[in-house]
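Trainee: Contents are compact mmCIF, C-alpha atoms; file name start_12.txt:
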```txt
# COMPACT_ATOMS: atom_id res chain seq x y z
CA MET M 1 17.98 7.52 52.96
CA ALA M 2 20.62 5.93 50.79
CA ALA M 3 24.10 5.34 52.03
CA THR M 4 26.04 8.58 51.74
CA GLY M 5 29.10 9.29 49.69
CA LYS M 6 28.63 6.40 47.25
CA LYS M 7 29.92 7.01 43.76
CA VAL M 8 27.24 6.14 41.22
CA MET M 9 27.49 6.52 37.45
CA VAL M 10 24.72 6.54 34.86
CA THR M 11 25.90 5.57 31.37
CA VAL M 12 23.79 6.38 28.29
CA ARG M 13 24.67 4.37 25.17
CA LYS M 14 21.40 4.33 23.20
CA ALA M 15 20.17 6.74 20.53
CA PRO M 16 17.28 9.01 21.50
CA HIS M 17 13.66 8.79 20.23
CA GLY M 18 13.88 5.29 18.71
CA SER M 19 13.46 3.67 22.13
CA ILE M 20 12.58 4.72 25.68
CA TYR M 21 16.10 4.20 27.13
CA VAL M 22 17.36 7.80 27.07
CA GLN M 23 14.08 9.11 28.49
CA GLU M 24 14.30 6.55 31.31
CA SER M 25 17.93 7.40 32.00
CA ILE M 26 16.97 11.05 32.58
CA GLU M 27 14.25 10.02 35.04
CA VAL M 28 16.83 8.01 36.94
CA MET M 29 19.34 10.90 36.93
CA PHE M 30 16.71 13.18 38.51
CA ILE M 31 15.85 10.55 41.14
CA PHE M 32 19.50 9.86 42.01
CA ALA M 33 20.12 13.61 42.26
CA THR M 34 17.73 13.82 45.22
CA TYR M 35 19.90 11.40 47.24
CA ASP M 36 23.16 12.21 48.94
CA MET M 37 25.50 10.41 46.61
CA GLU M 38 28.19 11.37 44.16
CA LEU M 39 26.43 11.08 40.80
CA SER M 40 28.14 11.23 37.42
CA VAL M 41 26.60 10.82 33.97
CA VAL M 42 28.43 9.67 30.85
CA PHE M 43 27.12 9.80 27.28
CA LEU M 44 28.97 7.47 24.94
CA ASP M 45 28.46 5.43 21.76
CA ASP M 46 24.98 6.19 20.33
CA GLY M 47 24.13 7.94 23.62
CA VAL M 48 25.98 11.04 22.38
CA LEU M 49 23.25 11.43 19.75
CA ALA M 50 20.97 12.60 22.58
CA LEU M 51 23.22 15.70 22.71
CA HIS M 52 22.87 16.47 18.97
CA PRO M 53 21.91 20.11 18.39
CA GLY M 54 18.66 21.08 16.70
CA GLN M 55 16.41 18.17 17.69
CA ASP M 56 12.73 18.89 16.98
CA THR M 57 10.33 16.03 17.73
CA LYS M 58 7.11 17.84 16.71
CA GLY M 59 6.81 15.75 13.55
CA LEU M 60 6.84 12.57 15.63
CA GLY M 61 4.04 13.86 17.84
CA ILE M 62 6.13 13.46 21.00
CA LYS M 63 7.39 16.05 23.45
CA GLY M 64 10.99 14.86 23.51
CA PHE M 65 13.28 15.39 26.47
CA MET M 66 15.69 18.06 25.25
CA ALA M 67 14.24 20.47 27.84
CA SER M 68 14.95 17.96 30.64
CA LEU M 69 18.58 17.63 29.54
CA GLY M 70 18.78 21.42 29.48
CA ALA M 71 17.78 21.49 33.16
CA LEU M 72 20.27 18.89 34.48
CA VAL M 73 22.38 21.51 36.25
CA ASP M 74 19.27 22.98 37.93
CA TRP M 75 18.66 19.50 39.37
CA GLU M 76 22.25 19.42 40.60
CA VAL M 77 23.30 16.85 38.04
CA THR M 78 26.55 18.65 37.28
CA LYS M 79 29.10 15.90 36.58
CA VAL M 80 28.06 15.22 33.01
CA TYR M 81 30.59 13.86 30.54
CA VAL M 82 30.66 12.85 26.88
CA ASP M 83 33.05 10.61 24.98
CA ARG M 84 35.17 12.48 22.42
CA GLN M 85 35.55 9.54 20.00
CA SER M 86 31.79 8.84 19.94
CA LEU M 87 31.14 12.48 18.95
CA LYS M 88 33.82 12.35 16.27
CA ASP M 89 32.48 9.09 14.77
CA ARG M 90 29.06 10.74 14.42
CA ASN M 91 30.38 14.07 13.07
CA ILE M 92 29.03 16.09 16.01
CA SER M 93 31.06 19.19 16.89
CA GLU M 94 32.16 19.35 20.54
CA ASP M 95 31.15 23.04 20.65
CA ALA M 96 27.68 22.37 19.29
CA ILE M 97 26.38 19.77 21.75
CA ILE M 98 23.30 20.85 23.69
CA THR M 99 23.62 22.77 26.93
CA ILE M 100 22.64 21.25 30.27
CA GLY M 101 22.18 24.56 32.10
CA ARG M 102 23.59 28.02 32.69
CA ASP M 103 26.19 29.32 35.09
CA GLU M 104 24.47 31.02 38.05
CA GLU M 105 26.95 33.91 38.13
CA THR M 106 27.78 34.57 34.52
CA ASP M 107 24.74 33.01 32.75
CA ALA M 108 27.24 31.28 30.45
CA PRO M 109 25.92 28.07 28.88
CA ILE M 110 27.18 24.85 30.47
CA ARG M 111 27.80 21.84 28.22
CA PRO M 112 28.73 18.27 29.11
CA ARG M 113 32.51 17.98 29.49
CA VAL M 114 34.22 16.14 26.63
CA LEU M 115 36.63 13.42 27.79
CA ASP M 116 38.89 10.85 26.16
CA SER M 117 38.05 7.16 26.53
CA ALA M 118 40.93 6.61 28.96
CA GLU M 119 39.62 9.32 31.32
CA ILE M 120 36.13 7.78 31.21
CA ALA M 121 37.56 4.32 31.84
CA ALA M 122 39.40 5.60 34.93
CA MET M 123 36.20 7.21 36.24
CA MET M 124 34.27 3.98 35.66
CA ALA M 125 36.86 2.03 37.62
CA ALA M 126 36.35 4.33 40.62
CA GLN M 127 32.55 3.81 40.94
CA HIS M 128 30.66 1.80 43.53
CA SER M 129 27.86 1.21 41.01
CA ILE M 130 27.26 1.83 37.31
CA VAL M 131 23.68 1.95 35.99
CA SER M 132 23.58 1.54 32.21
CA PHE M 133 21.03 2.57 29.61
CA MET K 134 11.68 -4.23 -3.61
CA LEU K 135 11.55 -1.59 -0.86
CA HIS K 136 13.96 -2.20 2.02
CA THR K 137 13.26 -0.33 5.26
CA VAL K 138 15.99 0.06 7.92
CA ASN K 139 15.11 1.45 11.37
CA LYS K 140 18.28 0.80 13.40
CA SER K 141 21.31 3.03 13.89
CA PRO K 142 24.26 1.85 11.77
CA PHE K 143 26.48 2.34 14.84
CA GLN K 144 24.33 0.02 16.97
CA ASN K 145 23.99 -3.08 14.80
CA SER K 146 24.60 -4.33 11.28
CA SER K 147 21.02 -4.21 9.88
CA LEU K 148 21.95 -1.66 7.22
CA GLU K 149 25.10 -3.50 6.16
CA ASN K 150 23.18 -6.78 5.96
CA CYS K 151 20.44 -5.11 3.94
CA LEU K 152 22.88 -3.54 1.48
CA ARG K 153 24.66 -6.86 0.98
CA VAL K 154 21.56 -8.52 -0.49
CA ALA K 155 19.65 -5.57 -1.97
CA GLN K 156 19.53 -5.77 -5.76
CA PRO K 157 20.50 -2.84 -8.00
CA GLY K 158 17.43 -0.66 -8.45
CA ASP K 159 15.87 -1.66 -5.14
CA VAL K 160 14.76 1.25 -2.99
CA ILE K 161 16.19 1.82 0.51
CA LEU K 162 14.12 3.75 3.06
CA LEU K 163 15.74 4.90 6.32
CA LEU K 164 13.40 5.60 9.24
CA GLU K 165 13.50 5.99 13.04
CA ASP K 166 17.12 5.46 14.24
CA GLY K 167 17.95 4.25 10.71
CA VAL K 168 18.17 7.89 9.55
CA TYR K 169 21.51 8.33 11.35
CA ALA K 170 23.03 6.44 8.39
CA ALA K 171 22.10 9.37 6.12
CA SER K 172 24.18 11.83 8.14
CA ALA K 173 27.25 13.12 6.24
CA GLY K 174 30.83 12.97 7.52
CA THR K 175 30.37 10.17 10.05
CA ALA K 176 32.30 6.92 10.51
CA LYS K 177 29.38 5.14 8.78
CA SER K 178 28.61 7.61 5.97
CA SER K 179 30.44 5.49 3.38
CA LEU K 180 27.67 2.85 3.57
CA ILE K 181 25.09 5.24 2.13
CA GLU K 182 27.64 7.00 -0.11
CA GLN K 183 28.12 3.60 -1.79
CA ALA K 184 24.43 2.64 -1.64
CA VAL K 185 23.22 5.69 -3.58
CA LYS K 186 25.20 4.44 -6.61
CA ARG K 187 22.93 1.36 -6.84
CA HIS K 188 19.75 2.43 -5.09
CA THR K 189 17.38 5.31 -4.56
CA VAL K 190 17.76 6.10 -0.85
CA TYR K 191 15.10 7.93 1.15
CA ALA K 192 15.08 9.16 4.77
CA ILE K 193 11.91 10.13 6.65
CA ASP K 194 11.68 13.89 7.24
CA ALA K 195 10.11 13.75 10.73
CA ASP K 196 12.79 11.31 11.94
CA LEU K 197 15.60 13.52 10.57
CA LYS K 198 14.16 16.62 12.27
CA ALA K 199 13.60 14.83 15.59
CA ARG K 200 17.29 13.92 15.61
CA GLY K 201 18.56 17.29 14.44
CA LEU K 202 20.05 15.89 11.21
CA ALA K 203 20.34 18.42 8.37
CA ASN K 204 23.77 17.69 6.89
CA LEU K 205 23.01 14.60 4.80
CA VAL K 206 24.85 12.48 2.24
CA LYS K 207 24.08 14.41 -0.96
CA GLU K 208 22.00 11.99 -2.99
CA VAL K 209 19.69 10.99 -0.11
CA ARG K 210 16.09 12.08 -0.76
CA VAL K 211 13.94 13.33 2.08
CA ALA K 212 10.55 11.61 2.26
CA SER K 213 7.29 12.55 4.02
CA TYR K 214 5.00 9.96 5.60
CA GLY K 215 2.86 10.40 2.47
CA ASP K 216 5.83 9.46 0.27
CA PHE K 217 6.36 6.42 2.52
CA VAL K 218 2.80 5.29 1.83
CA ASP K 219 3.31 5.74 -1.92
CA LEU K 220 6.53 3.67 -1.83
CA VAL K 221 4.83 0.87 0.13
CA GLU K 222 2.04 0.88 -2.46
CA GLN K 223 4.53 0.61 -5.33
CA HIS K 224 6.87 -2.09 -3.96
CA PRO K 225 6.90 -5.29 -1.95
CA VAL K 226 8.47 -4.41 1.43
CA HIS K 227 11.33 -6.04 3.29
CA ALA K 228 11.72 -4.59 6.80
CA TRP K 229 15.23 -4.99 8.28
CA LEU K 230 14.37 -4.73 11.97
```
The structure in this file should be written as structure tokens.

Mentor:
Amino acid sequence: MAATGKKVMVTVRKAPHGSIYVQESIEVMFIFATYDMELSVVFLDDGVLALHPGQDTKGLGIKGFMASLGALVDWEVTKVYVDRQSLKDRNISEDAIITIGRDEETDAPIRPRVLDSAEIAAMMAAQHSIVSF
Amino acid sequence: MLHTVNKSPFQNSSLENCLRVAQPGDVILLLEDGVYAASAGTAKSSLIEQAVKRHTVYAIDADLKARGLANLVKEVRVASYGDFVDLVEQHPVHAWL
């Protein structure tokens, strides 16, 4: 198995649906989650558009991956963050971003945690590896 | 002339480059990630707010829905794939990839 205790970050900076990047990033999150490492995920720049509420890909004839994002917590991908400025630039309300799971005890919806750029930068600096999409 | 733009305005400058050379009366069609430009209240909304004064601007319905975009710059018209075909039939096309 992989070396334990390594801090690995997945960054998502591409818009969904127009390319395969976001889909691939989710595959990688699920794979990483099966290893004993400290995984974090950050959505920033156009990557925050993957968290836009109300996405319906039926008209494109593709399944989309909103359901996969909604199951991140079930796969123990729990350290999920989103850049505040990127949301603001795209007029996406922090309260409206899609949920990534539900709290086991209270059934409350869990959303990615909104952070400022400086907090994200500090987290990036603390990683052993950063895998970018 | 029909100009099609399929890239996010936050990702590269395709839309800005297109709008710089598009002539008054030309038609602008946003599709795929290009439809993010039609979203109201964003850091890039002013591009389309200005463009609608000189151009008819369309955005593809299926691409808007896939991305959850419903709050659009007012004058943007929503187009079906059928409308897209009609526009291509009526105009020479310049695709800003």

Trainee: Given a cut-off of 10 Å, which residues of chain M touch chain K, counting all atoms listed in the file, written out as a PyMOL selection string?

Mentor: chain M and resi 13-19+45-46+49-62+64+86-92

Trainee: Box in all listed atoms of segment 151-165 of chain K, axis-aligned, with 5 Å more on each side; write out centre and edge lengths in Å to one decimal as JSON.

Mentor:
```
{"center_x": 19.0, "center_y": -1.3, "center_z": 2.3, "size_x": 21.3, "size_y": 24.5, "size_z": 31.5}
```

Trainee: Which polymer residues have any atom within 10 Å of an atom of Leu135 of chain K, counting all atoms listed in the file, with same-chain residues fewer than 5 positions away left out, as a list in words?

Mentor: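 Neighbouring residues, sequence-local ones excluded: Ala155, Gly158, Asp159, Val160, Ile161, Leu162, Thr189, Val190, Leu220, Val221, Glu222, Gln223, His224, Pro225, Val226, His227 and Ala228 of chain K.
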
Trainee: Under the rule that only C-alpha atoms are counted, which of M:Arg113, M:His128, M:Arg102, M:Lys7 is the nearest residue to Asp83 of chain M?

Mentor: M:Arg113

Trainee: Just checking: using all atoms listed in the file, which residue out of M:Val10, M:Ala71, M:Val48, M:Arg111 ends up closest to Met29 of chain M?

Mentor: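 Using all atoms listed in the file, the shortest distance to Met29 of chain M belongs to M:Val10.
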
Trainee: Could you tell me how far atom CA of Tyr81 of chain M sits from atom CA of Val41 of chain M, in Å to one decimal place?

Mentor: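 Separating atom CA of Val41 of chain M from atom CA of Tyr81 of chain M is a distance of 6.1 Å.
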
Trainee: Could you tell me how far atom CA of Phe133 of chain M lies from atom CA of Leu180 of chain K, in Å and to one decimal?

Mentor: 26.9 Å

Trainee: List as a PyMOL selection string the protein and nucleic acid residues near Arg153 of chain K, meaning an atom at most 12 Å away when all atoms listed in the file are counted, but skip any in the same chain fewer than 3 places from it.

Mentor: chain K and resi 136+146-150+156-157+159+180+183-184+187

Trainee: Can you tell me, as a PyMOL selection string, what residues are no more than 10 Å from Leu39 of chain M when counting all atoms listed in the file, ignoring any on the same chain fewer than 3 positions away?

Mentor: chain M and resi 5-10+29+32-33+35-36+76-80+127+129-130

Trainee: Can you measure atom CA of Leu163 of chain K to atom CA of Ala192 of chain K for me? One decimal in Å is fine.

Mentor: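 So the two atoms, atom CA of Leu163 of chain K and atom CA of Ala192 of chain K, lie 4.6 Å apart.
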